[in-house]
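Enquirer: upload.pdb is the file, holding PDB, C-alpha atoms:
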ATOM      1  CA  MET A   1     -46.279  99.498-225.319  1.00  0.00           C
ATOM      2  CA  ALA A   2     -44.133  96.822-223.666  1.00  0.00           C
ATOM      3  CA  LYS A   3     -42.822  99.360-221.141  1.00  0.00           C
ATOM      4  CA  GLU A   4     -46.345 100.558-220.327  1.00  0.00           C
ATOM      5  CA  PHE A   5     -47.572  96.981-219.810  1.00  0.00           C
ATOM      6  CA  ALA A   6     -44.561  96.202-217.608  1.00  0.00           C
ATOM      7  CA  PHE A   7     -45.371  99.321-215.583  1.00  0.00           C
ATOM      8  CA  LEU A   8     -49.000  98.200-215.136  1.00  0.00           C
ATOM      9  CA  GLU A   9     -47.814  94.747-214.033  1.00  0.00           C
ATOM     10  CA  LEU A  10     -45.470  96.373-211.508  1.00  0.00           C
ATOM     11  CA  ILE A  11     -48.341  98.445-210.100  1.00  0.00           C
ATOM     12  CA  VAL A  12     -50.456  95.300-209.697  1.00  0.00           C
ATOM     13  CA  GLU A  13     -47.589  93.421-208.052  1.00  0.00           C
ATOM     14  CA  ARG A  14     -46.926  96.232-205.583  1.00  0.00           C
ATOM     15  CA  ALA A  15     -50.617  96.833-204.877  1.00  0.00           C
ATOM     16  CA  VAL A  16     -51.184  93.152-204.066  1.00  0.00           C
ATOM     17  CA  ALA A  17     -48.099  93.137-201.827  1.00  0.00           C
ATOM     18  CA  CYS A  18     -49.304  96.293-200.018  1.00  0.00           C
ATOM     19  CA  PHE A  19     -52.778  94.832-199.540  1.00  0.00           C
ATOM     20  CA  MET A  20     -51.367  91.576-198.194  1.00  0.00           C
ATOM     21  CA  ALA A  21     -49.079  93.492-195.815  1.00  0.00           C
ATOM     22  CA  TYR A  22     -52.026  95.597-194.642  1.00  0.00           C
ATOM     23  CA  LYS A  23     -54.093  92.464-194.002  1.00  0.00           C
ATOM     24  CA  GLY A  24     -51.139  90.764-192.307  1.00  0.00           C
ATOM     25  CA  GLY A  25     -51.183  87.977-194.892  1.00  0.00           C
ATOM     26  CA  LYS A  26     -54.630  86.878-193.670  1.00  0.00           C
ATOM     27  CA  VAL A  27     -56.532  86.752-196.956  1.00  0.00           C
ATOM     28  CA  ASN A  28     -58.505  83.654-197.915  1.00  0.00           C
ATOM     29  CA  LYS A  29     -58.547  84.314-201.640  1.00  0.00           C
ATOM     30  CA  GLN A  30     -56.131  85.381-204.317  1.00  0.00           C
ATOM     31  CA  VAL A  31     -56.025  89.146-204.798  1.00  0.00           C
ATOM     32  CA  CYS A  32     -55.644  90.416-208.339  1.00  0.00           C
ATOM     33  CA  ALA A  33     -56.345  93.476-210.457  1.00  0.00           C
ATOM     34  CA  ASN A  34     -59.826  94.005-211.809  1.00  0.00           C
ATOM     35  CA  VAL A  35     -60.099  93.605-215.577  1.00  0.00           C
ATOM     36  CA  ASP A  36     -60.913  97.324-215.805  1.00  0.00           C
ATOM     37  CA  PHE A  37     -57.388  98.123-214.640  1.00  0.00           C
ATOM     38  CA  TYR A  38     -56.092  97.096-218.072  1.00  0.00           C
ATOM     39  CA  SER A  39     -58.995  98.399-220.174  1.00  0.00           C
ATOM     40  CA  GLY A  40     -57.456 101.745-221.072  1.00  0.00           C
ATOM     41  CA  PHE A  41     -54.255 100.005-222.129  1.00  0.00           C
ATOM     42  CA  VAL A  42     -56.181  97.595-224.376  1.00  0.00           C
ATOM     43  CA  TYR A  43     -58.314 100.397-225.839  1.00  0.00           C
ATOM     44  CA  GLU A  44     -55.168 102.353-226.678  1.00  0.00           C
ATOM     45  CA  MET A  45     -53.533  99.298-228.266  1.00  0.00           C
ATOM     46  CA  ILE A  46     -56.487  98.734-230.598  1.00  0.00           C
ATOM     47  CA  GLY A  47     -56.568 102.412-231.549  1.00  0.00           C
ATOM     48  CA  LEU A  48     -59.765 103.606-229.882  1.00  0.00           C
ATOM     49  CA  PRO A  49     -60.015 107.334-229.178  1.00  0.00           C
ATOM     50  CA  GLU A  50     -59.926 108.274-225.479  1.00  0.00           C
ATOM     51  CA  ALA A  51     -63.363 109.879-225.819  1.00  0.00           C
ATOM     52  CA  VAL A  52     -64.988 106.416-226.004  1.00  0.00           C
ATOM     53  CA  TYR A  53     -63.245 104.862-222.956  1.00  0.00           C
ATOM     54  CA  THR A  54     -65.868 106.000-220.435  1.00  0.00           C
ATOM     55  CA  PRO A  55     -68.897 105.177-222.612  1.00  0.00           C
ATOM     56  CA  LEU A  56     -67.472 101.684-223.228  1.00  0.00           C
ATOM     57  CA  PHE A  57     -66.978 101.201-219.493  1.00  0.00           C
ATOM     58  CA  ALA A  58     -70.550 102.314-218.788  1.00  0.00           C
ATOM     59  CA  MET A  59     -72.018 100.138-221.551  1.00  0.00           C
ATOM     60  CA  SER A  60     -70.290  97.088-220.105  1.00  0.00           C
ATOM     61  CA  ARG A  61     -71.807  97.812-216.699  1.00  0.00           C
ATOM     62  CA  ILE A  62     -75.410  98.686-217.584  1.00  0.00           C
ATOM     63  CA  ALA A  63     -76.728  95.135-217.133  1.00  0.00           C
ATOM     64  CA  GLY A  64     -75.150  94.859-213.668  1.00  0.00           C
ATOM     65  CA  TRP A  65     -76.279  98.319-212.601  1.00  0.00           C
ATOM     66  CA  THR A  66     -79.791  97.495-213.782  1.00  0.00           C
ATOM     67  CA  ALA A  67     -79.795  94.195-211.876  1.00  0.00           C
ATOM     68  CA  HIS A  68     -78.697  95.999-208.692  1.00  0.00           C
ATOM     69  CA  ARG A  69     -81.457  98.570-209.113  1.00  0.00           C
ATOM     70  CA  ILE A  70     -84.070  95.845-209.615  1.00  0.00           C
ATOM     71  CA  GLU A  71     -82.808  94.144-206.436  1.00  0.00           C
ATOM     72  CA  GLU A  72     -83.067  97.435-204.532  1.00  0.00           C
ATOM     73  CA  LEU A  73     -86.633  97.979-205.709  1.00  0.00           C
ATOM     74  CA  ASN A  74     -87.674  94.453-204.769  1.00  0.00           C
ATOM     75  CA  PHE A  75     -85.915  94.359-201.391  1.00  0.00           C
ATOM     76  CA  ASP A  76     -88.239  94.692-198.373  1.00  0.00           C
ATOM     77  CA  GLY A  77     -88.147  98.309-197.261  1.00  0.00           C
ATOM     78  CA  ARG A  78     -86.736  99.418-200.619  1.00  0.00           C
ATOM     79  CA  ARG A  79     -83.433 100.417-199.076  1.00  0.00           C
ATOM     80  CA  ILE A  80     -80.503 101.220-201.318  1.00  0.00           C
ATOM     81  CA  ILE A  81     -77.918  98.437-201.354  1.00  0.00           C
ATOM     82  CA  ARG A  82     -74.384  99.743-201.741  1.00  0.00           C
ATOM     83  CA  PRO A  83     -70.928  99.183-200.330  1.00  0.00           C
ATOM     84  CA  ALA A  84     -69.765 101.240-197.367  1.00  0.00           C
ATOM     85  CA  TYR A  85     -68.475 104.684-198.306  1.00  0.00           C
ATOM     86  CA  LYS A  86     -66.617 107.238-196.253  1.00  0.00           C
ATOM     87  CA  ASN A  87     -66.038 110.685-197.730  1.00  0.00           C
ATOM     88  CA  VAL A  88     -62.724 112.065-196.491  1.00  0.00           C
ATOM     89  CA  SER A  89     -62.680 115.206-198.607  1.00  0.00           C
ATOM     90  CA  GLU A  90     -63.377 118.669-197.240  1.00  0.00           C
ATOM     91  CA  LEU A  91     -66.852 120.111-197.643  1.00  0.00           C
ATOM     92  CA  THR A  92     -67.121 122.525-200.539  1.00  0.00           C
ATOM     93  CA  LYS A  93     -69.802 124.960-201.550  1.00  0.00           C
ATOM     94  CA  PHE A  94     -71.944 124.032-204.533  1.00  0.00           C
ATOM     95  CA  LEU A  95     -71.022 125.891-207.717  1.00  0.00           C
ATOM     96  CA  PRO A  96     -73.342 125.941-210.719  1.00  0.00           C
ATOM     97  CA  ILE A  97     -71.849 124.197-213.742  1.00  0.00           C
ATOM     98  CA  ASN A  98     -71.349 127.483-215.615  1.00  0.00           C
ATOM     99  CA  LYS A  99     -69.142 128.821-212.760  1.00  0.00           C
ATOM    100  CA  ARG A 100     -66.855 125.774-212.457  1.00  0.00           C
TER     101      ARG A 100
END
Hey, can you dump this file as structure tokens for me?

Expert:
Amino acid sequence: MAKEFAFLELIVERAVACFMAYKGGKVNKQVCANVDFYSGFVYEMIGLPEAVYTPLFAMSRIAGWTAHRIEELNFDGRRIIRPAYKNVSELTKFLPINKR
């Protein structure tokens, strides 16, 4: 486990360095990994089966997702509030679930 944690720390260190280089060092706040970055590691350490990782993540987010939805519904014009998103993948034809 110590090697895995050291690897995760190295990823964070390099990611922060890459982000700072990309921004030219012009960042007004400290950049760090989101707590979710380490969640899988913690779940594994306490012996949880992988099948519960995603449900645990979703359960921890339900209150926030609900608050965002309430904000969207109460915002003038009822527009959806979300961060910018740019899809860079190629278009693919829809396949029914039983043919995937």

Enquirer: Measuring atom to atom with all atoms listed in the file, identify which of A:Glu71, A:Asp76, A:Glu90, A:Glu9 is nearest to Phe37 in chain A.

Expert: A:Glu9

Enquirer: What's around Val12 in chain A at 9 Å? Count only C-alpha atoms, leave out sequence neighbours fewer than 5 positions away in its own chain, and write the answer as a ChimeraX atom specification.

Expert: /A:7,17,32-33,37

Enquirer: What does the PyMOL selection byres ((chain A and resi 40) around 12) select in this file, as a count of residues only?

Expert: 24

Enquirer: Calculate how many Å separate CA of Tyr22 in chain A from CA of Lys86 in chain A, rounding to one decimal.

Expert: 18.7 Å

Enquirer: Take every atom of range 59-69 of chain A listed in the file, pad by 5 Å on each side, and give me the axis-aligned box centre and edge lengths in Å, one decimal, as JSON.

Expert:
{"center_x": -75.9, "center_y": 97.2, "center_z": -215.1, "size_x": 21.2, "size_y": 15.9, "size_z": 22.9}

Enquirer: So how far away is CA of Leu10 in chain A from CA of Val31 in chain A, in Å?

Expert: 14.4 Å

Enquirer: What does the distance between CA of Ile11 in chain A and CA of Val27 in chain A come to in Å, to one decimal place?

Expert: 19.4 Å

Enquirer: Got a sec: who's within 12 Å of Met20 in chain A, counting only C-alpha atoms, leaving out chain neighbours fewer than 5 positions off, as a PyMOL selection string?

Expert: chain A and resi 13-15+25-32
